[in-house]
$ cat start_29.cif   # mmCIF, C-alpha atoms
data_coords
#
loop_
_atom_site.label_atom_id
_atom_site.label_comp_id
_atom_site.auth_asym_id
_atom_site.auth_seq_id
_atom_site.Cartn_x
_atom_site.Cartn_y
_atom_site.Cartn_z
CA MET G 1 11.96 0.71 7.64
CA LYS G 2 14.16 1.68 4.69
CA GLU G 3 15.34 5.26 4.35
CA THR G 4 13.18 7.28 1.97
CA HIS G 5 14.99 8.48 -1.14
CA ASN G 6 14.09 12.07 -1.93
CA SER G 7 15.53 14.33 -4.65
CA ILE G 8 14.93 17.47 -2.54
CA PRO G 9 17.67 18.31 0.03
CA GLU G 10 16.53 17.90 3.62
CA LYS G 11 16.90 21.62 4.42
CA TYR G 12 14.16 22.40 1.88
CA GLN G 13 11.71 19.81 3.21
CA PHE G 14 9.44 22.21 5.10
CA LEU G 15 6.05 20.49 4.83
CA ASN G 16 4.93 18.25 7.69
CA SER G 17 1.90 15.99 8.00
CA SER G 18 -0.39 18.57 9.59
CA THR G 19 0.48 21.17 6.92
CA LEU G 20 -0.44 18.71 4.17
CA LYS G 21 -3.69 17.87 5.97
CA ILE G 22 -4.62 21.56 6.21
CA ILE G 23 -3.88 22.03 2.48
CA ALA G 24 -6.03 19.00 1.70
CA MET G 25 -8.90 20.16 3.92
CA PHE G 26 -8.89 23.68 2.46
CA THR G 27 -8.81 22.56 -1.18
CA MET G 28 -11.45 19.91 -0.43
CA LEU G 29 -13.66 22.59 1.12
CA LEU G 30 -13.38 24.72 -2.02
CA ASP G 31 -14.20 21.71 -4.17
CA HIS G 32 -17.25 20.85 -2.10
CA ILE G 33 -18.52 24.44 -2.07
CA GLY G 34 -18.66 24.07 -5.82
CA ALA G 35 -20.12 20.56 -5.89
CA ALA G 36 -22.59 20.84 -3.00
CA VAL G 37 -23.68 24.49 -3.26
CA LEU G 38 -22.90 26.26 -6.55
CA TYR G 39 -23.81 23.24 -8.68
CA TYR G 40 -27.39 23.40 -7.40
CA LEU G 41 -27.84 27.13 -7.99
CA PRO G 42 -29.97 28.19 -10.99
CA GLY G 43 -27.80 29.14 -13.95
CA CYS G 44 -24.72 27.12 -12.98
CA THR G 45 -24.28 25.60 -16.46
CA ALA G 46 -21.67 25.99 -19.19
CA LYS G 47 -24.20 27.67 -21.48
CA SER G 48 -25.32 30.20 -18.87
CA GLN G 49 -23.79 33.68 -18.71
CA ILE G 50 -24.96 34.58 -15.20
CA PRO G 51 -22.29 36.58 -13.28
CA LEU G 52 -21.18 35.56 -9.81
CA TRP G 53 -22.84 38.75 -8.60
CA GLN G 54 -24.19 41.81 -10.34
CA GLY G 55 -21.37 43.56 -12.21
CA CYS G 56 -18.83 40.77 -11.54
CA PRO G 57 -16.80 39.81 -14.66
CA ILE G 58 -16.56 36.18 -13.49
CA MET G 59 -19.43 33.93 -14.50
CA LEU G 60 -21.04 31.63 -11.93
CA TYR G 61 -20.18 28.49 -13.89
CA ASP G 62 -16.56 29.62 -14.41
CA PHE G 63 -16.16 30.14 -10.66
CA TYR G 64 -17.72 26.71 -10.08
CA ARG G 65 -15.10 25.14 -12.38
CA ILE G 66 -12.27 27.01 -10.62
CA LEU G 67 -13.37 25.60 -7.25
CA ARG G 68 -13.77 22.07 -8.62
CA ASN G 69 -10.37 22.13 -10.33
CA THR G 70 -8.69 23.44 -7.17
CA GLY G 71 -10.29 20.60 -5.25
CA ARG G 72 -8.41 18.02 -7.35
CA ILE G 73 -5.42 18.68 -5.10
CA ALA G 74 -7.02 17.13 -2.00
CA PHE G 75 -7.44 13.43 -2.81
CA PRO G 76 -3.81 12.62 -3.73
CA ILE G 77 -2.71 14.25 -0.46
CA TYR G 78 -5.12 12.10 1.53
CA CYS G 79 -3.83 8.98 -0.24
CA PHE G 80 -0.23 9.98 0.42
CA LEU G 81 -0.92 10.61 4.12
CA LEU G 82 -2.85 7.35 4.39
CA VAL G 83 0.24 5.44 3.28
CA GLU G 84 2.46 7.48 5.60
CA GLY G 85 0.08 6.68 8.45
CA PHE G 86 0.11 3.01 7.51
CA PHE G 87 3.88 2.80 7.92
CA HIS G 88 3.97 4.83 11.14
CA THR G 89 0.83 3.88 13.08
CA THR G 90 1.19 1.80 16.22
CA SER G 91 -2.00 -0.13 15.45
CA LYS G 92 -3.19 -0.73 11.89
CA LYS G 93 -6.39 -2.33 13.22
CA LYS G 94 -7.30 0.81 15.20
CA TYR G 95 -6.45 2.90 12.15
CA ALA G 96 -8.84 0.80 10.05
CA PHE G 97 -11.55 1.03 12.71
CA ARG G 98 -11.34 4.85 12.77
CA LEU G 99 -11.75 4.98 9.00
CA PHE G 100 -14.68 2.56 9.16
CA LEU G 101 -16.37 4.53 11.95
CA PHE G 102 -16.11 7.85 10.13
CA ALA G 103 -17.13 6.27 6.85
CA LEU G 104 -20.40 5.34 8.55
CA ILE G 105 -20.75 8.75 10.23
CA SER G 106 -20.05 10.58 6.96
CA GLU G 107 -22.47 8.66 4.77
CA LEU G 108 -25.58 10.68 5.65
CA PRO G 109 -23.91 14.13 5.27
CA PHE G 110 -22.27 12.93 2.03
CA ASN G 111 -25.58 11.79 0.57
CA LEU G 112 -27.33 15.02 1.57
CA ALA G 113 -24.57 17.25 0.24
CA PHE G 114 -23.98 15.60 -3.13
CA LEU G 115 -27.01 13.43 -3.87
CA ASN G 116 -29.69 15.50 -2.12
CA ALA G 117 -31.08 12.42 -0.37
CA PRO G 118 -30.45 10.89 3.06
CA PHE G 119 -29.85 7.40 1.65
CA SER G 120 -28.41 6.50 -1.73
CA PHE G 121 -26.29 3.76 -3.29
CA GLN G 122 -25.25 5.99 -6.18
CA MET G 123 -21.88 6.84 -4.60
CA GLN G 124 -20.11 6.37 -1.26
CA ASN G 125 -17.90 8.82 0.63
CA VAL G 126 -14.11 8.99 0.43
CA PHE G 127 -13.53 7.32 3.80
CA TRP G 128 -14.61 4.03 2.19
CA THR G 129 -11.95 4.47 -0.50
CA LEU G 130 -9.29 5.15 2.11
CA LEU G 131 -10.47 2.21 4.21
CA PHE G 132 -10.32 -0.21 1.26
CA GLY G 133 -6.86 1.15 0.42
CA LEU G 134 -5.69 0.56 3.98
CA LEU G 135 -7.12 -2.97 4.04
CA CYS G 136 -5.41 -3.67 0.72
CA MET G 137 -2.02 -2.63 2.16
CA MET G 138 -2.66 -4.75 5.26
CA ALA G 139 -3.44 -7.75 3.04
CA LEU G 140 -0.27 -7.18 1.01
CA GLU G 141 1.81 -7.02 4.18
CA LYS G 142 0.21 -10.25 5.41
CA GLN G 143 0.93 -11.88 2.06
CA LYS G 144 4.57 -10.77 2.34
CA GLN G 145 4.87 -12.37 5.78
CA THR G 146 3.24 -15.58 4.53
CA ALA G 147 5.58 -15.71 1.54
CA CYS G 148 8.60 -15.43 3.84
CA SER G 149 7.28 -18.06 6.27
CA PHE G 150 6.46 -20.65 3.61
CA GLY G 151 9.11 -19.74 1.05
CA LEU G 152 6.64 -19.10 -1.76
CA ALA G 153 8.04 -18.83 -5.27
CA PRO G 154 8.29 -15.28 -6.68
CA ASN G 155 5.69 -15.96 -9.39
CA ILE G 156 3.20 -17.13 -6.76
CA GLN G 157 3.89 -14.04 -4.65
CA ILE G 158 3.29 -11.78 -7.66
CA SER G 159 0.06 -13.63 -8.50
CA ASN G 160 -1.18 -13.35 -4.92
CA ASN G 161 -0.33 -9.64 -4.74
CA LEU G 162 -2.05 -9.00 -8.06
CA PHE G 163 -5.15 -10.84 -6.87
CA ILE G 164 -5.27 -8.78 -3.66
CA ILE G 165 -4.90 -5.47 -5.52
CA LEU G 166 -7.50 -6.37 -8.16
CA PHE G 167 -9.89 -7.54 -5.43
CA PHE G 168 -9.84 -4.17 -3.65
CA ILE G 169 -9.96 -2.24 -6.93
CA GLY G 170 -13.05 -4.25 -7.80
CA LEU G 171 -14.52 -3.74 -4.33
CA ALA G 172 -14.14 0.05 -4.50
CA THR G 173 -15.63 0.07 -8.00
CA LEU G 174 -18.51 -2.20 -7.02
CA PHE G 175 -19.43 -0.09 -4.00
CA LYS G 176 -18.93 3.12 -6.03
CA THR G 177 -16.67 4.73 -3.47
CA ASP G 178 -15.32 8.20 -4.22
CA TYR G 179 -12.71 7.89 -7.01
CA TYR G 180 -13.65 4.22 -7.42
CA GLY G 181 -10.85 1.72 -8.04
CA ILE G 182 -8.53 4.41 -9.43
CA GLY G 183 -8.21 5.70 -5.88
CA ILE G 184 -6.96 2.28 -4.77
CA ILE G 185 -4.41 2.27 -7.59
CA LEU G 186 -2.96 5.58 -6.41
CA ILE G 187 -2.75 4.34 -2.82
CA ILE G 188 -0.92 1.19 -3.93
CA ILE G 189 1.51 3.24 -6.04
CA PHE G 190 2.38 5.28 -2.94
CA TYR G 191 2.67 2.02 -0.97
CA TYR G 192 5.12 0.34 -3.35
CA TYR G 193 7.17 3.51 -3.90
CA HIS G 194 7.06 4.64 -0.29
CA ASN G 195 10.86 4.76 -0.13
CA ASN G 196 11.27 6.55 -3.46
CA ARG G 197 9.44 9.87 -3.32
CA LYS G 198 10.43 10.89 -6.86
CA MET G 199 9.06 7.74 -8.50
CA ALA G 200 5.93 7.86 -6.32
CA CYS G 201 5.20 11.37 -7.61
CA ILE G 202 5.93 10.60 -11.28
CA ILE G 203 3.99 7.32 -11.50
CA GLY G 204 1.26 8.60 -9.21
CA TYR G 205 0.65 11.67 -11.34
CA LEU G 206 0.71 9.63 -14.55
CA SER G 207 -2.01 7.41 -13.08
CA PHE G 208 -4.08 10.55 -12.44
CA LEU G 209 -3.55 12.35 -15.75
CA TRP G 210 -7.32 12.32 -16.21
CA GLU G 211 -7.32 14.86 -13.33
CA PRO G 212 -4.50 17.18 -14.51
CA PHE G 213 -5.28 19.89 -11.95
CA CYS G 214 -4.11 17.59 -9.14
CA PHE G 215 -0.48 18.36 -10.09
CA PRO G 216 0.19 20.78 -7.15
CA ALA G 217 -0.41 17.87 -4.74
CA PHE G 218 2.39 15.81 -6.31
CA PHE G 219 4.61 18.90 -6.36
CA CYS G 220 4.21 19.13 -2.55
CA PHE G 221 5.29 15.58 -1.69
CA PRO G 222 9.07 16.00 -2.28
CA PHE G 223 8.99 18.83 0.30
CA TYR G 224 7.45 16.56 2.96
CA ASN G 225 9.80 16.07 5.91
CA GLY G 226 8.12 13.06 7.49
CA LYS G 227 7.30 14.93 10.69
CA LYS G 228 3.90 15.05 12.38
CA GLY G 229 3.57 18.75 13.12
CA LEU G 230 0.43 19.89 14.93
CA SER G 231 -1.93 17.18 16.16
CA VAL G 232 -4.87 17.62 13.76
CA LYS G 233 -5.76 13.94 13.25
CA TYR G 234 -9.23 14.11 14.77
CA LEU G 235 -9.82 17.55 13.26
CA PHE G 236 -9.52 15.91 9.84
CA TYR G 237 -11.87 13.08 10.76
CA ALA G 238 -14.52 15.43 12.19
CA PHE G 239 -14.11 18.09 9.50
CA TYR G 240 -15.27 15.83 6.69
CA PRO G 241 -18.83 15.03 7.86
CA LEU G 242 -19.32 18.41 9.58
CA HIS G 243 -18.42 20.56 6.59
CA LEU G 244 -20.62 18.44 4.30
CA LEU G 245 -23.58 18.89 6.61
CA LEU G 246 -22.99 22.65 6.86
CA LEU G 247 -22.73 22.99 3.08
CA TYR G 248 -25.99 21.11 2.68
CA LEU G 249 -27.69 23.49 5.13
CA LEU G 250 -26.16 26.49 3.32
CA ARG G 251 -27.57 25.22 0.02
CA LEU G 252 -31.03 24.87 1.54
CA TYR G 253 -30.79 28.46 2.79
CA LEU G 254 -29.69 29.85 -0.59
CA ILE G 255 -32.28 28.08 -2.73
CA ARG G 256 -35.25 28.23 -0.36
#

$ encode --input "start_29.cif" --output "structure tokens"
Amino acid sequence: MKETHNSIPEKYQFLNSSTLKIIAMFTMLLDHIGAAVLYYLPGCTAKSQIPLWQGCPIMLYDFYRILRNTGRIAFPIYCFLLVEGFFHTTSKKKYAFRLFLFALISELPFNLAFLNAPFSFQMQNVFWTLLFGLLCMMALEKQKQTACSFGLAPNIQISNNLFIILFFIGLATLFKTDYYGIGIILIIIFYYYHNNRKMACIIGYLSFLWEPFCFPAFFCFPFYNGKKGLSVKYLFYAFYPLHLLLLYLLRLYLIR
């Protein structure tokens, strides 16, 4: 693997994988408190002037927007860590299976939390987006090996790569996974610029300008040191469906 070019000196790279995961989980939790709980409370609209609590200067809807905007930080971090995991995992197939398994497990809590129904095809949870992104990178790696084996012309390689990327963008959009095909685009940007952290952050953020509040995530990446840190892999996997289910139950309690 090529050495990663980073504009930040190594002594200032203090963020490891587990730290980034914790940041992503915390900001995602705040986002989902807004989307799965506050959004359903009476008066949570832009036109409403209902305070967060009696005498509080902050309006309910304003607090909802603060939580949702903070939550924009989470998804780019998950995409970044997915690509890091892709290049460091000992088994890409097992990695894909874990994502597939938790995508299935998370579907019911996701539907209950955000769509208020046990089954819905309106939108699918973020594990599907990450899974399609991982499969896309696996297909690109396979294409690279095939090109080397058969000596394919550069224009054919580019065409094949473009077809693979567009296929998975279309797949994510068709299945309405969280962040749709734009999520796949961000993953592929991190994939192609894996060895150039500065360009990955610049191009990645430009691709997500429609979510400007995600900027702190891209600010974090140059400080990533490539180390694992605490072993919180399965905490992340379990946290997603569990926190969605708990937020759904909290909403039922508050609006009963």

$ closest_residue --input "start_29.cif" --among "G:Leu52, G:Ile73, G:Cys136, G:Leu99" --to "Phe219 (chain G)" --atoms "all atoms listed in the file"
G:Ile73

$ residues_around --input "start_29.cif" --residues "Tyr224 (chain G)" --least-positions-apart "3" --cutoff "10 Å" --atoms "all atoms listed in the file" --output "JSON, numbers by chain"
{"G": [6, 8, 10, 12, 13, 14, 15, 16, 17, 19, 20, 197, 220, 221, 227]}

$ write_last_selection --input "start_29.cif" --atoms "C-alpha atoms" --output "tab-separated table (two decimals), in the coordinates of the input"
chain	number	residue	atom	x	y	z
G	6	ASN	CA	14.09	12.07	-1.93
G	8	ILE	CA	14.93	17.47	-2.54
G	10	GLU	CA	16.53	17.90	3.62
G	12	TYR	CA	14.16	22.40	1.88
G	13	GLN	CA	11.71	19.81	3.21
G	14	PHE	CA	9.44	22.21	5.10
G	15	LEU	CA	6.05	20.49	4.83
G	16	ASN	CA	4.93	18.25	7.69
G	17	SER	CA	1.90	15.99	8.00
G	19	THR	CA	0.48	21.17	6.92
G	20	LEU	CA	-0.44	18.71	4.17
G	197	ARG	CA	9.44	9.87	-3.32
G	220	CYS	CA	4.21	19.13	-2.55
G	221	PHE	CA	5.29	15.58	-1.69
G	227	LYS	CA	7.30	14.93	10.69

$ atom_distance --input "start_29.cif" --atom1 "CA of Ile185 (chain G)" --atom2 "CA of Arg68 (chain G)"
21.9 Å

$ closest_residue --input "start_29.cif" --among "G:Ala147, G:Asn111, G:Ser159, G:Tyr205" --to "Asp178 (chain G)" --atoms "all atoms listed in the file"
G:Asn111

$ resolve_selection --input "start_29.cif" --expression "the PyMOL selection byres ((chain G and resi 189) around 12)" --output "number ranges by chain"
G: 76, 79-80, 83, 133, 136-137, 165, 182-188, 190-208

$ resolve_selection --input "start_29.cif" --expression "the PyMOL selection byres ((chain G and resi 140) around 10)" --output "number ranges by chain"
G: 134-139, 141-146, 157, 160-165, 188, 191

$ atom_distance --input "start_29.cif" --atom1 "CA of Lys21 (chain G)" --atom2 "CA of Ile169 (chain G)"
24.7 Å

$ atom_distance --input "start_29.cif" --atom1 "CA of Pro222 (chain G)" --atom2 "CA of Tyr180 (chain G)"
26.1 Å

$ residues_around --input "start_29.cif" --residues "Phe110 (chain G)" --least-positions-apart "3" --cutoff "7 Å" --atoms "only C-alpha atoms" --output "PyMOL selection string"
chain G and resi 106-107+113-114+125+244

$ build_atoms --input "start_29.cif" --residues "region 241-253 of chain G" --atoms "N, CA, C and O atoms" --output "tab-separated table (two decimals), in the frame of the given file"
chain	number	residue	atom	x	y	z
G	241	PRO	N	-17.37	15.06	7.78
G	241	PRO	CA	-18.83	15.03	7.86
G	241	PRO	C	-19.45	16.38	8.25
G	241	PRO	O	-20.52	16.74	7.77
G	242	LEU	N	-18.76	17.14	9.12
G	242	LEU	CA	-19.32	18.41	9.58
G	242	LEU	C	-19.41	19.44	8.45
G	242	LEU	O	-20.44	20.11	8.30
G	243	HIS	N	-18.38	19.55	7.64
G	243	HIS	CA	-18.42	20.56	6.59
G	243	HIS	C	-19.44	20.18	5.51
G	243	HIS	O	-20.07	21.05	4.92
G	244	LEU	N	-19.61	18.87	5.28
G	244	LEU	CA	-20.62	18.44	4.30
G	244	LEU	C	-22.03	18.79	4.78
G	244	LEU	O	-22.87	19.25	4.00
G	245	LEU	N	-22.27	18.57	6.05
G	245	LEU	CA	-23.58	18.89	6.61
G	245	LEU	C	-23.84	20.40	6.56
G	245	LEU	O	-24.94	20.84	6.19
G	246	LEU	N	-22.84	21.20	6.89
G	246	LEU	CA	-22.99	22.65	6.86
G	246	LEU	C	-23.21	23.17	5.44
G	246	LEU	O	-24.01	24.09	5.23
G	247	LEU	N	-22.54	22.58	4.47
G	247	LEU	CA	-22.73	22.99	3.08
G	247	LEU	C	-24.13	22.63	2.59
G	247	LEU	O	-24.75	23.39	1.82
G	248	TYR	N	-24.62	21.50	3.04
G	248	TYR	CA	-25.99	21.11	2.68
G	248	TYR	C	-26.99	22.12	3.25
G	248	TYR	O	-27.92	22.55	2.54
G	249	LEU	N	-26.80	22.51	4.50
G	249	LEU	CA	-27.69	23.49	5.13
G	249	LEU	C	-27.57	24.86	4.44
G	249	LEU	O	-28.58	25.56	4.27
G	250	LEU	N	-26.36	25.23	4.04
G	250	LEU	CA	-26.16	26.49	3.32
G	250	LEU	C	-26.90	26.46	1.99
G	250	LEU	O	-27.53	27.46	1.60
G	251	ARG	N	-26.85	25.34	1.29
G	251	ARG	CA	-27.57	25.22	0.02
G	251	ARG	C	-29.07	25.37	0.22
G	251	ARG	O	-29.74	26.06	-0.55
G	252	LEU	N	-29.59	24.74	1.26
G	252	LEU	CA	-31.03	24.87	1.54
G	252	LEU	C	-31.39	26.33	1.80
G	252	LEU	O	-32.47	26.79	1.36
G	253	TYR	N	-30.52	27.05	2.49
G	253	TYR	CA	-30.79	28.46	2.79
G	253	TYR	C	-30.78	29.31	1.51
G	253	TYR	O	-31.64	30.18	1.32
